[in-house]
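J.: Following this message is one structure expressed as structure tokens.
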Amino acid sequence: MTTAPAGDTAPATSADSARAQLDRLQLANRAEILAKVTRILNQQQGASQQLLLDIRGKPLTVNAAIGDTQLAVGDLVKVMRAGNELQLLGKLAPPAEARIAQALAQRLPWQQRLDSGLAQLVRLLQPPPTSSGPGSQSGLPGAQQPPLPAPVRQAIEQVIARLPSQQSLSQAGGKETLAPQVRQWLAESGLFAEARLARGGSQEVPDLKLALVRVVSTLLAEQGSDAGQFRRLTPLASPELVQSPLQFPQPLPAPPATGRQEPMPVGQMLRLLAGMLNRVTVNQLHSQVLTTRTTADGAAAAPTATWLLELPWLNTEQQPRLAQLRIEHEARDREDQNRGGKRHIAQWRFSLAMDLDEMGPLYFEVALQQEQVSARVWAERSQTLTRVEDQLPQLRQGFRDLGLDVLDLDCRKGKPQGARTQLEHRLVDIRA
């Protein structure tokens, strides 16, 4: 494909004007350079296109004869000056951030809440309702719904059995017993499923995402279907996640308590599981985008790793609830005026949101740098605020027992007014 250079805003009318424009770009004959498609001005019926390219920070309008190569806004292309024309040498693969953002955008509208999805799976394990009227004695069809197939029931039971319970967490009082349990909870959240498999792990390792995948594969096997049919299903989505898909953490109200649930059709159950798997995948992709994000001018941001985790657990009534955790790790080298040279500084930030049945929504923000820590807690209910304030001295002493210097410890009513994630504009504004 060759392109005929034009003026900054209008097509070229002569070879002299084309040569002048390329000369102003300081582009020698046979020289190669990268350009970015910033705008598609006009697309004719057939194989021609008018594009606006960014070359060395300057705009250039070109008439392009498009062959099999499809160009879109944001694409990077390698071009070469051939006399008074630009010749397309190839289109570069999109940067990793753009590929991740595209995959994330495809799944955003199809997320199912993990707690509500797990609640429906829990109800499916309960004995199905039976009819006690005349129909049950006369053998009418539908008098008793068929139970779940044994392999499917076993796969769901394995998912629920891996969830930590409120009782087990409260019984782990000391840091020697609680810390390993929390580490295991994080490791099995599903966020690291593919990473564990890439390191040679087994499909049978305890992991929420892999456990949900096993439920899917068991259902498909019972129906004699394959994975292709599962991928063609439209996942069930939760309205709360559609309205605000990227705000994290975002405490969600507890799923409504309902009685026994009628047996769910296989197709509906697969759609529910597809939405839940999408939710885990969205958290994985969102974490990667935030970790690899760039600044507005395209430069790499400070080295910061971000993990977004949703941690399901069971309350005292054995109902699934959710804790949302955001972990950020930032590493910087700073000048050490006392010792000379540079000093490596690592900072950790933790944000936790959860809705407890008796205490209501709670929010925690903790910042840790070297041996210094600061923490803030928000509670929406006045009674909960009072209870948390009474526990602050114990929390302060707990930090000190860990050898930490407490800089700030505070409790407030309401919820934090944190900055919203900046991913929305990055989905359509990926810098070269």
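By convention in this document, the chains of the structure tokens carry letters A, B, ... by their order, each chain's residues are numbered from 1, and ligands are numbered from 1 in the order they are shown.
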Name the residues in contact with Glu204 in chain A at a cut-off of 12 Å, using only C-alpha atoms, excluding same-chain residues fewer than 3 positions from it; report them as a VMD selection string.
T.: chain A and resid 155 158 to 159 188 193 196 to 197 200 to 201 207 to 214
J.: Find the residues near Pro312 in chain A: any atom within 12 Å, counting only C-alpha atoms, skip ones fewer than 5 places away on the same chain, and give them as a count of residues only.
T.: 36
J.: From the options A:Ala82, A:Gln268, A:Ile33, A:Leu362, which residue's atoms come nearest to Pro253 in chain A, counting only C-alpha atoms?
T.: A:Leu362
J.: Based on the backbone DSSP call, show me all residues of range 273-328 of chain A assigned strand (DSSP E or B), as a VMD selection string.
T.: chain A and resid 294 300 304 to 314 320 to 328
J.: Give me the residues near Ser351 in chain A as a short mmCIF file (atom, residue, chain, number, x, y, z; two decimals) with C-alpha atoms, in the first residue's frame, where near means some atom within 8 Å (using only C-alpha atoms) and where sequence neighbours in that chain fewer than 5 positions away do not count.
T.:
data_model
loop_
_atom_site.label_atom_id
_atom_site.label_comp_id
_atom_site.auth_asym_id
_atom_site.auth_seq_id
_atom_site.Cartn_x
_atom_site.Cartn_y
_atom_site.Cartn_z
CA PRO A 249 -13.34 -1.53 45.91
CA LEU A 325 -9.36 -5.92 48.56
CA ARG A 326 -7.06 -3.66 46.56
CA ILE A 327 -3.31 -4.01 47.15
CA TYR A 363 -14.05 0.52 54.63
CA PHE A 364 -10.39 0.27 55.57
CA GLU A 365 -7.37 2.07 54.11
CA VAL A 366 -3.87 1.23 55.32
#
J.: If I take CA of Ala353 in chain A and CA of Gln250 in chain A, how far is one from the other in Å, to one decimal?
T.: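 Those two atoms sit 6.7 Å apart.
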J.: I need the residues in range 64-254 of chain A that are helix (DSSP H, G or I) according to DSSP; give them as JSON, numbers by chain.
T.: {"A": [96, 97, 98, 99, 100, 101, 102, 103, 104, 105, 106, 107, 108, 109, 110, 114, 115, 116, 117, 118, 119, 120, 121, 122, 123, 124, 134, 135, 136, 137, 138, 150, 151, 152, 153, 154, 155, 156, 157, 158, 159, 160, 161, 166, 167, 168, 169, 170, 171, 175, 176, 177, 178, 179, 180, 181, 182, 183, 184, 185, 186, 187, 193, 194, 195, 196, 197, 198, 208, 209, 210, 211, 212, 213, 214, 215, 216, 217, 218, 219, 220, 221, 222, 223, 227, 228, 229, 230, 231, 239, 240, 241, 242, 243]}
J.: Would you output that residue set with C-alpha atoms, as an mmCIF file, in the first residue's frame?
T.:
data_model
loop_
_atom_site.group_PDB
_atom_site.id
_atom_site.type_symbol
_atom_site.label_atom_id
_atom_site.label_comp_id
_atom_site.auth_asym_id
_atom_site.auth_seq_id
_atom_site.Cartn_x
_atom_site.Cartn_y
_atom_site.Cartn_z
ATOM 1 C CA ALA A 96 0.312 -5.128 25.688
ATOM 2 C CA GLU A 97 -1.726 -2.500 27.512
ATOM 3 C CA ALA A 98 -4.047 -2.068 24.527
ATOM 4 C CA ARG A 99 -4.575 -5.817 24.142
ATOM 5 C CA ILE A 100 -5.367 -6.208 27.841
ATOM 6 C CA ALA A 101 -7.712 -3.215 27.804
ATOM 7 C CA GLN A 102 -9.537 -4.598 24.780
ATOM 8 C CA ALA A 103 -10.021 -7.967 26.455
ATOM 9 C CA LEU A 104 -11.221 -6.197 29.600
ATOM 10 C CA ALA A 105 -13.731 -4.065 27.692
ATOM 11 C CA GLN A 106 -15.220 -7.164 26.070
ATOM 12 C CA ARG A 107 -16.031 -8.701 29.461
ATOM 13 C CA LEU A 108 -17.133 -5.631 31.417
ATOM 14 C CA PRO A 109 -20.852 -5.851 30.512
ATOM 15 C CA TRP A 110 -21.087 -9.568 31.360
ATOM 16 C CA LEU A 114 -19.503 -13.782 43.039
ATOM 17 C CA ASP A 115 -21.485 -13.646 46.282
ATOM 18 C CA SER A 116 -24.914 -13.741 44.621
ATOM 19 C CA GLY A 117 -23.760 -16.428 42.183
ATOM 20 C CA LEU A 118 -22.379 -18.561 44.994
ATOM 21 C CA ALA A 119 -25.600 -18.011 46.964
ATOM 22 C CA GLN A 120 -27.577 -19.508 44.088
ATOM 23 C CA LEU A 121 -25.209 -22.486 43.950
ATOM 24 C CA VAL A 122 -25.638 -23.002 47.713
ATOM 25 C CA ARG A 123 -29.413 -23.052 47.332
ATOM 26 C CA LEU A 124 -29.142 -25.627 44.561
ATOM 27 C CA PRO A 134 -52.926 -34.728 45.529
ATOM 28 C CA GLY A 135 -50.523 -34.392 42.647
ATOM 29 C CA SER A 136 -47.719 -36.013 44.595
ATOM 30 C CA GLN A 137 -49.836 -39.053 45.300
ATOM 31 C CA SER A 138 -51.216 -39.441 41.792
ATOM 32 C CA ALA A 150 -24.110 -36.511 41.652
ATOM 33 C CA PRO A 151 -20.926 -35.294 39.826
ATOM 34 C CA VAL A 152 -22.360 -31.764 39.513
ATOM 35 C CA ARG A 153 -23.387 -31.710 43.174
ATOM 36 C CA GLN A 154 -19.914 -32.865 44.205
ATOM 37 C CA ALA A 155 -18.227 -30.169 42.089
ATOM 38 C CA ILE A 156 -20.404 -27.436 43.651
ATOM 39 C CA GLU A 157 -19.797 -28.791 47.158
ATOM 40 C CA GLN A 158 -16.043 -28.560 46.536
ATOM 41 C CA VAL A 159 -16.418 -24.875 45.612
ATOM 42 C CA ILE A 160 -18.377 -24.074 48.776
ATOM 43 C CA ALA A 161 -16.115 -26.171 51.016
ATOM 44 C CA GLN A 166 -16.691 -16.332 59.647
ATOM 45 C CA GLN A 167 -16.273 -18.804 62.487
ATOM 46 C CA SER A 168 -12.915 -20.107 61.256
ATOM 47 C CA LEU A 169 -11.588 -16.564 60.749
ATOM 48 C CA SER A 170 -12.711 -15.426 64.203
ATOM 49 C CA GLN A 171 -11.200 -18.482 65.869
ATOM 50 C CA LYS A 175 -1.161 -13.590 64.010
ATOM 51 C CA GLU A 176 0.604 -16.994 63.961
ATOM 52 C CA THR A 177 -2.658 -18.699 62.964
ATOM 53 C CA LEU A 178 -4.529 -15.899 61.187
ATOM 54 C CA ALA A 179 -1.752 -14.768 58.834
ATOM 55 C CA PRO A 180 -1.295 -18.168 57.114
ATOM 56 C CA GLN A 181 -5.062 -18.471 56.703
ATOM 57 C CA VAL A 182 -5.322 -15.019 55.115
ATOM 58 C CA ARG A 183 -2.389 -15.788 52.791
ATOM 59 C CA GLN A 184 -4.126 -18.979 51.694
ATOM 60 C CA TRP A 185 -7.377 -17.063 51.205
ATOM 61 C CA LEU A 186 -5.609 -14.605 48.903
ATOM 62 C CA ALA A 187 -3.745 -17.315 46.996
ATOM 63 C CA ALA A 193 -5.032 -19.240 38.591
ATOM 64 C CA GLU A 194 -3.207 -19.043 35.253
ATOM 65 C CA ALA A 195 0.060 -17.979 36.897
ATOM 66 C CA ARG A 196 -0.018 -21.065 39.114
ATOM 67 C CA LEU A 197 -0.739 -23.310 36.122
ATOM 68 C CA ALA A 198 2.102 -21.681 34.162
ATOM 69 C CA LEU A 208 -11.807 -20.494 43.131
ATOM 70 C CA LYS A 209 -11.562 -19.906 39.385
ATOM 71 C CA LEU A 210 -10.388 -23.427 38.611
ATOM 72 C CA ALA A 211 -13.091 -24.839 40.880
ATOM 73 C CA LEU A 212 -15.770 -22.920 38.945
ATOM 74 C CA VAL A 213 -14.282 -24.172 35.690
ATOM 75 C CA ARG A 214 -14.595 -27.742 37.008
ATOM 76 C CA VAL A 215 -18.300 -27.171 37.695
ATOM 77 C CA VAL A 216 -18.687 -25.987 34.092
ATOM 78 C CA SER A 217 -16.809 -28.964 32.639
ATOM 79 C CA THR A 218 -18.837 -31.380 34.786
ATOM 80 C CA LEU A 219 -22.126 -29.845 33.622
ATOM 81 C CA LEU A 220 -21.016 -30.003 29.979
ATOM 82 C CA ALA A 221 -19.929 -33.626 30.374
ATOM 83 C CA GLU A 222 -23.307 -34.550 31.884
ATOM 84 C CA GLN A 223 -25.007 -32.975 28.856
ATOM 85 C CA ALA A 227 -16.513 -26.040 25.543
ATOM 86 C CA GLY A 228 -17.500 -24.461 22.234
ATOM 87 C CA GLN A 229 -21.142 -24.482 23.263
ATOM 88 C CA PHE A 230 -20.259 -22.848 26.580
ATOM 89 C CA ARG A 231 -18.399 -20.017 24.859
ATOM 90 C CA PRO A 239 -26.864 -4.710 37.332
ATOM 91 C CA GLU A 240 -24.572 -3.228 40.036
ATOM 92 C CA LEU A 241 -21.471 -4.254 38.085
ATOM 93 C CA VAL A 242 -22.837 -2.906 34.809
ATOM 94 C CA GLN A 243 -23.571 0.527 36.293
#
J.: Quick one: everything within 6 Å of range 329-332 of chain A, counting only C-alpha atoms, minus sequence neighbours fewer than 6 positions away in the same chain. Send it as a list in words.
T.: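 The neighbour list is Pro303, Thr304, Ala305, His344, Ile345, Ala346, Gln347 and Trp348 of chain A.
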J.: Leu385 in chain A: which residues within 12 Å, counting only C-alpha atoms, same-chain residues fewer than 5 positions away excluded, as a PyMOL selection string?
T.: chain A and resi 359-363+376-380+390-392+410-415
J.: Taking only C-alpha atoms into account, name the residue in A:Leu34, A:Val289, A:Leu314, A:Val62 that is nearest to Lys91 in chain A.
T.: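 For Lys91 in chain A, the nearest of the candidates is A:Leu34.
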J.: Rounded to one decimal in Å, what is the spacing between CA of Ala93 in chain A and CA of Arg56 in chain A?
T.: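 Between CA of Ala93 in chain A and CA of Arg56 in chain A the gap works out to 19.5 Å.
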